[in-house]
Each structure stands twice: as C-alpha cells, then as structure tokens.
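Taking it in order: structure first as structure tokens, then the write-up.
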Amino acid sequence: MLSRLFAPKVKVSAHCDLPCGVYDPAQARIEAESVKAIQEKMAANQDPHFQARATDIKEQRAELAKHHVSVLWSDYFKPPHFEKYPELHQLVNDALKSLSAAKASTDPATGQKALDYIAQIDKIFWETKKA
C-alpha cells in the first residue's frame with residue numbers, strides 16, 4: 001500500500017536535461033576570446049600587480065571555457081552525433097587541452113589555438129541543429 005502511495009503518477013522522458021536551445025558554443029568562445037585578449041594585454045603591460053590580476057582572471061575564464069565545452073560534450077552531443085562526426089571526441093579533447101595550455105600561458109597563440117578548436121566544435125554543433 002505504501003509503495004502505491006509513493007509511486008510516480010506520471011512518467012516523463014526527455015532527450016536532454018533541459019529543452020533544446022539552451023546549449024551554445026558561443027559561451028565557450030566568449031570566454032576563450034577573453035583569455036586571448038587578456039594574454040595580449042599582459043604582453044603590453046609589465047606591471048606586477050596588473051600581471052597578477054590578469055593571470056587570475058585569465059585562469060578563471062579558461063576554466064569557464066573548459067566548463068562550457070565539457071557541458072556540450074556531456075549534455076548536448078549524443079551517440080548519433082558522435083557516429084556522424086567521429087572526430088568529435090578528439091576535437092573536444094583537443095579543445096580542453098588547448099584551454100588548459102592557454103590557462104597556463106601568456107602567449108596569445110595558445111588562446112588562438114583554443115579558439116580554433118572551439119570554432120570547429122561550433123561548426124559541428126550548428127550542423128547538428130539543422131538535422
């Protein structure tokens with residue numbers, strides 16, 4: 001009797017955590033653009049206080065970009081996407097590794113490399129939205 005009382009009345013299912021439309025690689029791109037811009041500003045300003053603040057912000061932004069890429073990989077992309085785009089797993093891994101490198105570097109080339117990987121993920125993402 002108790003089990004019937006607490007049994008679910010309605011069963012629901014969804015193919016993603018939230019209604020589609022909440023995911024967008026633009027979030028990762030914006031954070032990665034911030035990383036690169038900070039790296040460029042760091043090259044132009046040798047003040048140690050500025051460098052310390054910029055490093056902290058750059059590292060935060062790189063972590064946010066990594067978070068957004070990871071969310072796309074774990075929550076948005078599904079097996080049919082990985083079947084159609086077999087390079088997607090490696091591409092996401094490369095993007096995350098490049099963001100880690102940018103987090104640890106003041107060289108804007110590392111920020112640009114991360115942006116390049118995110119652009120490739122973005123292209124695949126929007127192709128999946130057309131289907």
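Residues are named by chain letter and number: chains run A, B, ... in the order of the structure tokens, numbers start at 1 in each chain, and ligands are numbered from 1 in the order shown.
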
Spatial neighbours of segment 88-96 of chain A, 10 Å, only C-alpha atoms, chain gap at least 3 places, as a ChimeraX atom specification: /A:62-63,65-70,72-73,77,81-85,99-102,113-121,124-125

For C-alpha atoms, I'd like the residues from the last selection saved as a PDB file, in the first residue's frame.
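So again-v1.pdb came out as:
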```
ATOM      1  CA  ALA A  62      39.873  29.446 -19.235  1.00  0.00           C
ATOM      2  CA  GLU A  63      38.129  27.272 -16.630  1.00  0.00           C
ATOM      3  CA  ALA A  65      35.506  27.934 -21.318  1.00  0.00           C
ATOM      4  CA  LYS A  66      36.510  24.386 -20.369  1.00  0.00           C
ATOM      5  CA  HIS A  67      33.274  24.036 -18.447  1.00  0.00           C
ATOM      6  CA  HIS A  68      31.168  25.124 -21.426  1.00  0.00           C
ATOM      7  CA  VAL A  69      32.985  22.758 -23.807  1.00  0.00           C
ATOM      8  CA  SER A  70      32.568  19.911 -21.303  1.00  0.00           C
ATOM      9  CA  LEU A  72      28.387  20.426 -24.707  1.00  0.00           C
ATOM     10  CA  TRP A  73      30.261  17.134 -24.796  1.00  0.00           C
ATOM     11  CA  PHE A  77      26.188  15.755 -28.004  1.00  0.00           C
ATOM     12  CA  HIS A  81      26.340  12.999 -33.259  1.00  0.00           C
ATOM     13  CA  PHE A  82      29.463  11.003 -32.422  1.00  0.00           C
ATOM     14  CA  GLU A  83      28.581   8.486 -35.135  1.00  0.00           C
ATOM     15  CA  LYS A  84      28.145  11.187 -37.751  1.00  0.00           C
ATOM     16  CA  TYR A  85      31.204  13.153 -36.550  1.00  0.00           C
ATOM     17  CA  LEU A  99      42.306  25.702 -22.957  1.00  0.00           C
ATOM     18  CA  SER A 100      44.470  24.206 -20.219  1.00  0.00           C
ATOM     19  CA  ALA A 101      47.549  25.341 -22.139  1.00  0.00           C
ATOM     20  CA  ALA A 102      46.112  28.843 -22.554  1.00  0.00           C
ATOM     21  CA  LYS A 113      44.549  27.658 -30.754  1.00  0.00           C
ATOM     22  CA  ALA A 114      41.749  27.159 -28.232  1.00  0.00           C
ATOM     23  CA  LEU A 115      39.515  29.466 -30.268  1.00  0.00           C
ATOM     24  CA  ASP A 116      40.284  27.462 -33.410  1.00  0.00           C
ATOM     25  CA  TYR A 117      39.174  24.219 -31.756  1.00  0.00           C
ATOM     26  CA  ILE A 118      36.046  25.856 -30.382  1.00  0.00           C
ATOM     27  CA  ALA A 119      35.231  27.136 -33.884  1.00  0.00           C
ATOM     28  CA  GLN A 120      35.371  23.555 -35.183  1.00  0.00           C
ATOM     29  CA  ILE A 121      33.067  22.381 -32.384  1.00  0.00           C
ATOM     30  CA  ILE A 124      29.593  20.690 -35.914  1.00  0.00           C
ATOM     31  CA  PHE A 125      27.148  21.928 -33.259  1.00  0.00           C
TER      32      PHE A 125
END
```

Secondary structure check, alpha helix (DSSP H) residues of segment 15-109 of chain A, as a VMD selection string: chain A and resid 26 to 44 48 to 71 79 to 84 88 to 103 108 to 109

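Atom pair atom CA of Ala52 of chain A / atom CA of Ile30 of chain A has a distance of 21.7 Å (rounded to one decimal).
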
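Nearest residue to Glu40 of chain A, choosing from A:Ala26, A:Ala104, A:Val71, A:Ala109 and counting only C-alpha atoms: A:Ala109.
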
Spatial neighbours of Lys41 of chain A, max dist 12 Å, only C-alpha atoms, sep filter under 3 positions, as a PyMOL selection string: chain A and resi 34-38+44-47+50-51+53-55+57-58+106-108

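The two atoms in question, atom CA of Asp75 of chain A and atom CA of Tyr23 of chain A, are spaced 8.7 Å apart.
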